[in-house]
Amino acid sequence: MLRPADMPTLSRPSPLAAGALPALFIPIWATGFISARAVVPHVDPLAFTAIRFTAVALVLALIATASRVRWPGDRAGWRDPVIAGFLMQGVYLSGVFWAVSHGLPAGIAALVGSLQPLLTALLAQPLLGERVSGRRALGIMMGFVGTGLVLAPKLGATDPSGIPPLALAVSLLAVLALTLGTLWQKRTGGRVDLLAGATLQFVGGMACAIPLALAFGSTAFDPAPALWLGLGWAVLVNSVAGILLLLVLIRRGAVAGVAALFFLVPPVAAVLGYLLFGEVLTPLQGAGMALAALGVAVASRG
């Protein structure tokens with residue numbers, strides 16, 4: 001196993017490896033929305049996220065211990081990853097799972113997540129001093145327009161394929177939290193060991209999810225195979241593998257460019273939602289997703 005002490009060698013990846021990381025990250029992140037949809041009938045979403053974060057924190061802590069990571073040596077080193085995790089994991093994923101459980105389709109939830117690049121671009125310059133080029137801004141706006149094409153036809157509709165306004169609002173607030181967490185991670189995370197930081201992030205997620213579950217969740221629990229499969233996938237693939245990939249991408253690339261990858265998540269989630277749950281998009285919504293995907297191609301060349 002590559003120890004975190006050896007991680008600096010990853011700062012100069014080969015072109016093949018550099019391209020493979022985003023290609024691997026996108027489907028991993030997309031299946032997070034599918035696992036949310038799969039476990040909804042079997043467990044309260046807030047209780048599920050609390051269990052998930054606790055399990056992930058334990059798994060990462062075991063990996064970190066076995067790898068003999070270098071834990072932070074000062075208070076800020078412990079505090080900053082916890083704050084990032086509170087926002088990126090706790091608020092974001094709790095909000096997404098709640099929204100999906102209250103009728104927001106998985107593909108739409110993923111698409112709302114793709115608004116993150118617009119928010120990131122708006123905030124990256126004043127908060128981080130990171131310049132957003134004209135090409136990248138154009139790509140981000142293309143993605144934003146594509147997102148609008150997907151959301152507009154179904155917003156507030158009363159049929160089963162409609163978009164519940166409250167669930168959409170919660171999802172939008174969750175994306176704002178993810179954006180702020182990403183910016184905070186970019187600003188403060190470079191001096192903390194990657195694996196130690198990821199572990200502390202999920203401690204931050206626990207600090208958000210457990211109180212939410214206790215205050216607003218339910219103890220209803222149906223131990224069906226779909227629940228155990230969804231939990232295992234969410235812990236080991238979406239969380240452990242996904243967050244480590246995201247942190248590597250954030251550390252290596254411009255934060256606005258990394259955020260633009262989220263434009264590619266909705267089409268993948270929509271296809272999986274159709275194959276597994278019969279969620280259908282109209283031709284106009286499909287065109288909107290295609291425009292969003294084109295936006296990421298433009299933005300990534302920023």
# chains A, B, ... in the order shown; residues from 1 in each chain; ligands from 1
>>> residues_around(residues="Leu227 (chain A)", least_positions_apart="6", cutoff="10 Å", atoms="only C-alpha atoms", output="list in words")
Ser35, Ala36, Ala38, Val39, Val40, Pro41, His42, Val43, Phe48, Phe221 and Trp233 of chain A
>>> write_last_selection(atoms="N, CA and C atoms", output="PDB file, in the first residue's frame")
ATOM      1  N   SER A  35     -27.710   4.903  -5.003  1.00  0.00           N
ATOM      2  CA  SER A  35     -27.804   4.207  -3.720  1.00  0.00           C
ATOM      3  C   SER A  35     -28.808   4.900  -2.809  1.00  0.00           C
ATOM      4  N   ALA A  36     -28.883   6.225  -2.890  1.00  0.00           N
ATOM      5  CA  ALA A  36     -29.886   6.956  -2.112  1.00  0.00           C
ATOM      6  C   ALA A  36     -31.289   6.518  -2.502  1.00  0.00           C
ATOM      7  N   ALA A  38     -32.110   3.684  -3.845  1.00  0.00           N
ATOM      8  CA  ALA A  38     -32.322   2.262  -3.565  1.00  0.00           C
ATOM      9  C   ALA A  38     -32.701   2.005  -2.111  1.00  0.00           C
ATOM     10  N   VAL A  39     -32.144   2.786  -1.182  1.00  0.00           N
ATOM     11  CA  VAL A  39     -32.375   2.495   0.237  1.00  0.00           C
ATOM     12  C   VAL A  39     -33.581   3.227   0.804  1.00  0.00           C
ATOM     13  N   VAL A  40     -34.157   4.182   0.037  1.00  0.00           N
ATOM     14  CA  VAL A  40     -35.273   4.983   0.536  1.00  0.00           C
ATOM     15  C   VAL A  40     -36.415   4.147   1.107  1.00  0.00           C
ATOM     16  N   PRO A  41     -36.830   3.048   0.465  1.00  0.00           N
ATOM     17  CA  PRO A  41     -37.969   2.298   1.032  1.00  0.00           C
ATOM     18  C   PRO A  41     -37.641   1.547   2.317  1.00  0.00           C
ATOM     19  N   HIS A  42     -36.377   1.465   2.698  1.00  0.00           N
ATOM     20  CA  HIS A  42     -35.987   0.555   3.768  1.00  0.00           C
ATOM     21  C   HIS A  42     -35.488   1.244   5.038  1.00  0.00           C
ATOM     22  N   VAL A  43     -35.155   2.521   4.987  1.00  0.00           N
ATOM     23  CA  VAL A  43     -34.572   3.177   6.159  1.00  0.00           C
ATOM     24  C   VAL A  43     -34.776   4.678   6.055  1.00  0.00           C
ATOM     25  N   PHE A  48     -29.806   6.768   7.876  1.00  0.00           N
ATOM     26  CA  PHE A  48     -28.878   6.089   6.970  1.00  0.00           C
ATOM     27  C   PHE A  48     -27.575   6.866   6.834  1.00  0.00           C
ATOM     28  N   PHE A 221     -36.610   0.565  10.331  1.00  0.00           N
ATOM     29  CA  PHE A 221     -35.471  -0.116   9.719  1.00  0.00           C
ATOM     30  C   PHE A 221     -35.924  -1.435   9.139  1.00  0.00           C
ATOM     31  N   TRP A 233     -22.183  -0.354  -0.558  1.00  0.00           N
ATOM     32  CA  TRP A 233     -21.714   0.437  -1.694  1.00  0.00           C
ATOM     33  C   TRP A 233     -21.450   1.883  -1.277  1.00  0.00           C
TER      34      TRP A 233
END
>>> closest_atom_pairs(of="region 143-236 of chain A", to="region 95-101 of chain A", cutoff="10 Å", atoms="only C-alpha atoms", output="Markdown table")
| residue | atom | partner | partner_atom | distance |
| --- | --- | --- | --- | --- |
| A:Pro164 | CA | A:Ala99 | CA | 8.8 |
| A:Pro165 | CA | A:Ala99 | CA | 9.8 |
| A:Leu166 | CA | A:Ala99 | CA | 8.0 |
| A:Ala167 | CA | A:Ala99 | CA | 4.4 |
| A:Leu168 | CA | A:Ala99 | CA | 6.8 |
| A:Ala169 | CA | A:Ala99 | CA | 8.5 |
| A:Val170 | CA | A:Gly95 | CA | 5.9 |
| A:Ser171 | CA | A:Val96 | CA | 5.5 |
| A:Leu172 | CA | A:Gly95 | CA | 8.7 |
| A:Leu173 | CA | A:Gly95 | CA | 7.7 |
| A:Ala174 | CA | A:Gly95 | CA | 5.3 |
| A:Val175 | CA | A:Val96 | CA | 8.6 |
| A:Ala177 | CA | A:Gly95 | CA | 9.5 |
| A:Ala209 | CA | A:Gly95 | CA | 9.8 |
| A:Gly217 | CA | A:Trp98 | CA | 9.9 |
>>> closest_residue(among="A:Leu93, A:Trp71, A:Ala109, A:Pro22", to="Asn238 (chain A)", atoms="only C-alpha atoms")
A:Leu93
>>> residues_around(residues="Val192 (chain A)", least_positions_apart="5", cutoff="12 Å", atoms="only C-alpha atoms", output="ChimeraX atom specification")
/A:4-5,7,69-82,185-187,197-201,247,251
>>> write_last_selection(atoms="N, CA, C and O atoms", output="compact mmCIF listing (two decimals), in the first residue's frame")
# COMPACT_ATOMS: atom_id res chain seq x y z
N PRO A 4 0.68 7.56 2.91
CA PRO A 4 0.49 8.98 2.66
C PRO A 4 1.79 9.76 2.64
O PRO A 4 1.88 10.79 2.01
N ALA A 5 2.81 9.30 3.35
CA ALA A 5 4.09 10.00 3.32
C ALA A 5 4.67 10.03 1.92
O ALA A 5 5.47 10.89 1.56
N MET A 7 2.77 10.39 -0.77
CA MET A 7 1.81 11.03 -1.64
C MET A 7 2.37 12.14 -2.52
O MET A 7 1.86 12.38 -3.59
N VAL A 69 -0.25 7.16 9.24
CA VAL A 69 -0.33 8.51 8.69
C VAL A 69 0.19 9.53 9.70
O VAL A 69 0.25 9.28 10.90
N ARG A 70 0.50 10.68 9.18
CA ARG A 70 0.92 11.80 10.02
C ARG A 70 -0.30 12.63 10.35
O ARG A 70 -0.85 13.32 9.50
N TRP A 71 -0.77 12.56 11.57
CA TRP A 71 -1.93 13.35 11.98
C TRP A 71 -1.53 14.81 12.18
O TRP A 71 -0.36 15.10 12.44
N PRO A 72 -2.46 15.74 12.09
CA PRO A 72 -2.13 17.17 12.25
C PRO A 72 -1.46 17.44 13.58
O PRO A 72 -1.78 16.82 14.60
N GLY A 73 -0.56 18.41 13.54
CA GLY A 73 0.18 18.74 14.75
C GLY A 73 -0.33 19.96 15.48
O GLY A 73 0.22 20.34 16.52
N ASP A 74 -1.38 20.59 14.95
CA ASP A 74 -1.92 21.77 15.62
C ASP A 74 -3.45 21.74 15.57
O ASP A 74 -4.05 20.90 14.90
N ARG A 75 -4.06 22.67 16.30
CA ARG A 75 -5.51 22.69 16.40
C ARG A 75 -6.18 22.94 15.05
O ARG A 75 -7.18 22.32 14.72
N ALA A 76 -5.61 23.84 14.26
CA ALA A 76 -6.20 24.16 12.95
C ALA A 76 -6.20 22.94 12.03
O ALA A 76 -7.12 22.74 11.24
N GLY A 77 -5.15 22.13 12.13
CA GLY A 77 -5.06 20.93 11.30
C GLY A 77 -6.16 19.93 11.60
O GLY A 77 -6.57 19.17 10.71
N TRP A 78 -6.64 19.90 12.82
CA TRP A 78 -7.76 19.03 13.18
C TRP A 78 -9.09 19.70 12.85
O TRP A 78 -10.03 19.06 12.40
N ARG A 79 -9.16 21.01 13.08
CA ARG A 79 -10.42 21.74 12.91
C ARG A 79 -10.84 21.86 11.46
O ARG A 79 -12.01 21.62 11.12
N ASP A 80 -9.91 22.22 10.58
CA ASP A 80 -10.28 22.55 9.20
C ASP A 80 -10.88 21.38 8.43
O ASP A 80 -11.90 21.55 7.74
N PRO A 81 -10.33 20.16 8.49
CA PRO A 81 -10.99 19.05 7.80
C PRO A 81 -12.37 18.72 8.38
O PRO A 81 -13.26 18.29 7.63
N VAL A 82 -12.54 18.90 9.68
CA VAL A 82 -13.84 18.64 10.29
C VAL A 82 -14.88 19.62 9.75
O VAL A 82 -16.02 19.24 9.44
N GLN A 185 -11.92 23.37 1.73
CA GLN A 185 -10.93 22.32 1.58
C GLN A 185 -9.76 22.79 0.72
O GLN A 185 -8.60 22.53 1.03
N LYS A 186 -10.06 23.48 -0.37
CA LYS A 186 -9.01 23.98 -1.26
C LYS A 186 -8.13 24.99 -0.53
O LYS A 186 -6.91 25.03 -0.72
N ARG A 187 -8.73 25.80 0.33
CA ARG A 187 -7.99 26.85 1.03
C ARG A 187 -7.13 26.31 2.17
O ARG A 187 -6.04 26.82 2.42
N GLY A 197 -6.87 13.75 6.55
CA GLY A 197 -7.90 14.74 6.28
C GLY A 197 -9.23 14.12 5.92
O GLY A 197 -10.29 14.58 6.36
N ALA A 198 -9.21 13.05 5.11
CA ALA A 198 -10.44 12.36 4.73
C ALA A 198 -11.13 11.76 5.96
O ALA A 198 -12.36 11.82 6.10
N THR A 199 -10.34 11.16 6.85
CA THR A 199 -10.90 10.58 8.07
C THR A 199 -11.59 11.65 8.91
O THR A 199 -12.72 11.48 9.37
N LEU A 200 -10.90 12.78 9.09
CA LEU A 200 -11.47 13.86 9.89
C LEU A 200 -12.69 14.48 9.22
O LEU A 200 -13.61 14.95 9.89
N GLN A 201 -12.71 14.46 7.87
CA GLN A 201 -13.90 14.96 7.18
C GLN A 201 -15.13 14.15 7.55
O GLN A 201 -16.22 14.71 7.74
N LEU A 247 -10.64 14.46 -3.20
CA LEU A 247 -9.60 15.24 -2.53
C LEU A 247 -8.33 15.30 -3.38
O LEU A 247 -7.67 16.34 -3.44
N ARG A 251 -6.82 18.76 -4.89
CA ARG A 251 -5.45 19.16 -4.57
C ARG A 251 -4.61 19.36 -5.82
O ARG A 251 -3.70 20.19 -5.84
>>> closest_atom_pairs(of="region 83-148 of chain A", to="region 54-57 of chain A", cutoff="12 Å", atoms="only C-alpha atoms", output="JSON lines")
{"residue": "A:Gly85", "atom": "CA", "partner": "A:Ala57", "partner_atom": "CA", "distance": 10.9}
{"residue": "A:Gln89", "atom": "CA", "partner": "A:Val56", "partner_atom": "CA", "distance": 11.1}
{"residue": "A:Gly90", "atom": "CA", "partner": "A:Thr54", "partner_atom": "CA", "distance": 11.1}
>>> atom_distance(atom1="CA of Val298 (chain A)", atom2="CA of Leu245 (chain A)")
22.0 Å
>>> select_by_dssp(residues="region 52-170 of chain A", states="helix (DSSP H, G or I)", output="PyMOL selection string")
chain A and resi 52-67+75-101+106-113+116-128+134-154+165-170
>>> write_last_selection(atoms="C-alpha atoms", output="PDB file, in the first residue's frame")
ATOM      1  CA  ARG A  52     -22.892   5.610   6.788  1.00  0.00           C
ATOM      2  CA  PHE A  53     -20.624   8.366   8.092  1.00  0.00           C
ATOM      3  CA  THR A  54     -19.881   6.459  11.288  1.00  0.00           C
ATOM      4  CA  ALA A  55     -18.906   3.362   9.304  1.00  0.00           C
ATOM      5  CA  VAL A  56     -16.774   5.348   6.861  1.00  0.00           C
ATOM      6  CA  ALA A  57     -14.978   7.188   9.654  1.00  0.00           C
ATOM      7  CA  LEU A  58     -14.134   3.864  11.295  1.00  0.00           C
ATOM      8  CA  VAL A  59     -12.914   2.313   8.019  1.00  0.00           C
ATOM      9  CA  LEU A  60     -10.740   5.300   7.181  1.00  0.00           C
ATOM     10  CA  ALA A  61      -9.392   5.471  10.734  1.00  0.00           C
ATOM     11  CA  LEU A  62      -8.332   1.816  10.478  1.00  0.00           C
ATOM     12  CA  ILE A  63      -6.658   2.439   7.103  1.00  0.00           C
ATOM     13  CA  ALA A  64      -4.948   5.540   8.459  1.00  0.00           C
ATOM     14  CA  THR A  65      -3.688   3.669  11.514  1.00  0.00           C
ATOM     15  CA  ALA A  66      -2.371   0.786   9.420  1.00  0.00           C
ATOM     16  CA  SER A  67      -0.680   3.266   7.072  1.00  0.00           C
ATOM     17  CA  ARG A  75      -5.513  22.689  16.400  1.00  0.00           C
ATOM     18  CA  ALA A  76      -6.202  24.155  12.952  1.00  0.00           C
ATOM     19  CA  GLY A  77      -5.064  20.932  11.299  1.00  0.00           C
ATOM     20  CA  TRP A  78      -7.762  19.028  13.179  1.00  0.00           C
ATOM     21  CA  ARG A  79     -10.418  21.735  12.914  1.00  0.00           C
ATOM     22  CA  ASP A  80     -10.277  22.552   9.203  1.00  0.00           C
ATOM     23  CA  PRO A  81     -10.993  19.048   7.801  1.00  0.00           C
ATOM     24  CA  VAL A  82     -13.840  18.638  10.287  1.00  0.00           C
ATOM     25  CA  ILE A  83     -15.412  21.892   9.051  1.00  0.00           C
ATOM     26  CA  ALA A  84     -14.999  20.798   5.421  1.00  0.00           C
ATOM     27  CA  GLY A  85     -16.552  17.418   6.211  1.00  0.00           C
ATOM     28  CA  PHE A  86     -19.430  18.996   8.113  1.00  0.00           C
ATOM     29  CA  LEU A  87     -20.332  20.891   4.913  1.00  0.00           C
ATOM     30  CA  MET A  88     -19.228  18.508   2.123  1.00  0.00           C
ATOM     31  CA  GLN A  89     -20.420  15.312   3.765  1.00  0.00           C
ATOM     32  CA  GLY A  90     -22.851  16.059   6.579  1.00  0.00           C
ATOM     33  CA  VAL A  91     -24.956  18.896   5.176  1.00  0.00           C
ATOM     34  CA  TYR A  92     -24.659  17.939   1.508  1.00  0.00           C
ATOM     35  CA  LEU A  93     -25.365  14.213   1.664  1.00  0.00           C
ATOM     36  CA  SER A  94     -27.977  14.483   4.402  1.00  0.00           C
ATOM     37  CA  GLY A  95     -29.782  17.044   2.247  1.00  0.00           C
ATOM     38  CA  VAL A  96     -29.527  14.931  -0.905  1.00  0.00           C
ATOM     39  CA  PHE A  97     -30.766  11.763   0.786  1.00  0.00           C
ATOM     40  CA  TRP A  98     -33.657  13.653   2.371  1.00  0.00           C
ATOM     41  CA  ALA A  99     -34.598  15.249  -0.973  1.00  0.00           C
ATOM     42  CA  VAL A 100     -34.499  11.919  -2.837  1.00  0.00           C
ATOM     43  CA  SER A 101     -36.601  10.269  -0.121  1.00  0.00           C
ATOM     44  CA  ALA A 106     -32.008  10.598  -8.676  1.00  0.00           C
ATOM     45  CA  GLY A 107     -31.105  12.108 -12.058  1.00  0.00           C
ATOM     46  CA  ILE A 108     -32.533  15.492 -11.051  1.00  0.00           C
ATOM     47  CA  ALA A 109     -30.722  15.357  -7.703  1.00  0.00           C
ATOM     48  CA  ALA A 110     -27.477  14.759  -9.583  1.00  0.00           C
ATOM     49  CA  LEU A 111     -28.279  17.589 -11.966  1.00  0.00           C
ATOM     50  CA  VAL A 112     -28.881  20.014  -9.108  1.00  0.00           C
ATOM     51  CA  GLY A 113     -25.443  18.994  -7.860  1.00  0.00           C
ATOM     52  CA  GLN A 116     -21.850  23.595  -7.975  1.00  0.00           C
ATOM     53  CA  PRO A 117     -19.457  24.846 -10.695  1.00  0.00           C
ATOM     54  CA  LEU A 118     -21.449  28.048 -11.126  1.00  0.00           C
ATOM     55  CA  LEU A 119     -21.413  28.714  -7.389  1.00  0.00           C
ATOM     56  CA  THR A 120     -17.758  27.740  -7.180  1.00  0.00           C
ATOM     57  CA  ALA A 121     -16.776  30.067 -10.026  1.00  0.00           C
ATOM     58  CA  LEU A 122     -18.672  32.936  -8.427  1.00  0.00           C
ATOM     59  CA  LEU A 123     -16.959  32.417  -5.076  1.00  0.00           C
ATOM     60  CA  ALA A 124     -13.486  31.133  -6.035  1.00  0.00           C
ATOM     61  CA  GLN A 125     -12.108  34.548  -7.024  1.00  0.00           C
ATOM     62  CA  PRO A 126     -13.243  36.581  -3.974  1.00  0.00           C
ATOM     63  CA  LEU A 127     -12.503  33.793  -1.486  1.00  0.00           C
ATOM     64  CA  LEU A 128      -9.410  32.140  -2.981  1.00  0.00           C
ATOM     65  CA  GLY A 134     -13.444  33.383 -20.049  1.00  0.00           C
ATOM     66  CA  ARG A 135     -13.511  29.906 -21.612  1.00  0.00           C
ATOM     67  CA  ARG A 136     -14.206  28.275 -18.267  1.00  0.00           C
ATOM     68  CA  ALA A 137     -16.908  30.817 -17.474  1.00  0.00           C
ATOM     69  CA  LEU A 138     -18.547  30.076 -20.846  1.00  0.00           C
ATOM     70  CA  GLY A 139     -18.521  26.346 -20.148  1.00  0.00           C
ATOM     71  CA  ILE A 140     -20.008  26.901 -16.710  1.00  0.00           C
ATOM     72  CA  MET A 141     -22.803  29.035 -18.134  1.00  0.00           C
ATOM     73  CA  MET A 142     -23.534  26.407 -20.791  1.00  0.00           C
ATOM     74  CA  GLY A 143     -23.882  23.872 -18.001  1.00  0.00           C
ATOM     75  CA  PHE A 144     -26.153  26.221 -16.090  1.00  0.00           C
ATOM     76  CA  VAL A 145     -28.454  26.701 -19.114  1.00  0.00           C
ATOM     77  CA  GLY A 146     -28.535  22.952 -19.690  1.00  0.00           C
ATOM     78  CA  THR A 147     -29.506  22.468 -16.061  1.00  0.00           C
ATOM     79  CA  GLY A 148     -32.348  24.947 -16.482  1.00  0.00           C
ATOM     80  CA  LEU A 149     -33.669  23.044 -19.495  1.00  0.00           C
ATOM     81  CA  VAL A 150     -33.868  19.879 -17.405  1.00  0.00           C
ATOM     82  CA  LEU A 151     -35.488  21.431 -14.341  1.00  0.00           C
ATOM     83  CA  ALA A 152     -38.002  23.823 -15.908  1.00  0.00           C
ATOM     84  CA  PRO A 153     -40.455  21.365 -17.559  1.00  0.00           C
ATOM     85  CA  LYS A 154     -41.027  19.329 -14.392  1.00  0.00           C
ATOM     86  CA  PRO A 165     -40.374  22.259  -4.762  1.00  0.00           C
ATOM     87  CA  LEU A 166     -39.398  21.638  -1.115  1.00  0.00           C
ATOM     88  CA  ALA A 167     -37.168  18.695  -2.012  1.00  0.00           C
ATOM     89  CA  LEU A 168     -35.565  20.788  -4.753  1.00  0.00           C
ATOM     90  CA  ALA A 169     -34.961  23.667  -2.313  1.00  0.00           C
ATOM     91  CA  VAL A 170     -33.287  21.332   0.197  1.00  0.00           C
TER      92      VAL A 170
END
>>> atom_distance(atom1="CA of Ile34 (chain A)", atom2="CA of Ala196 (chain A)")
27.9 Å
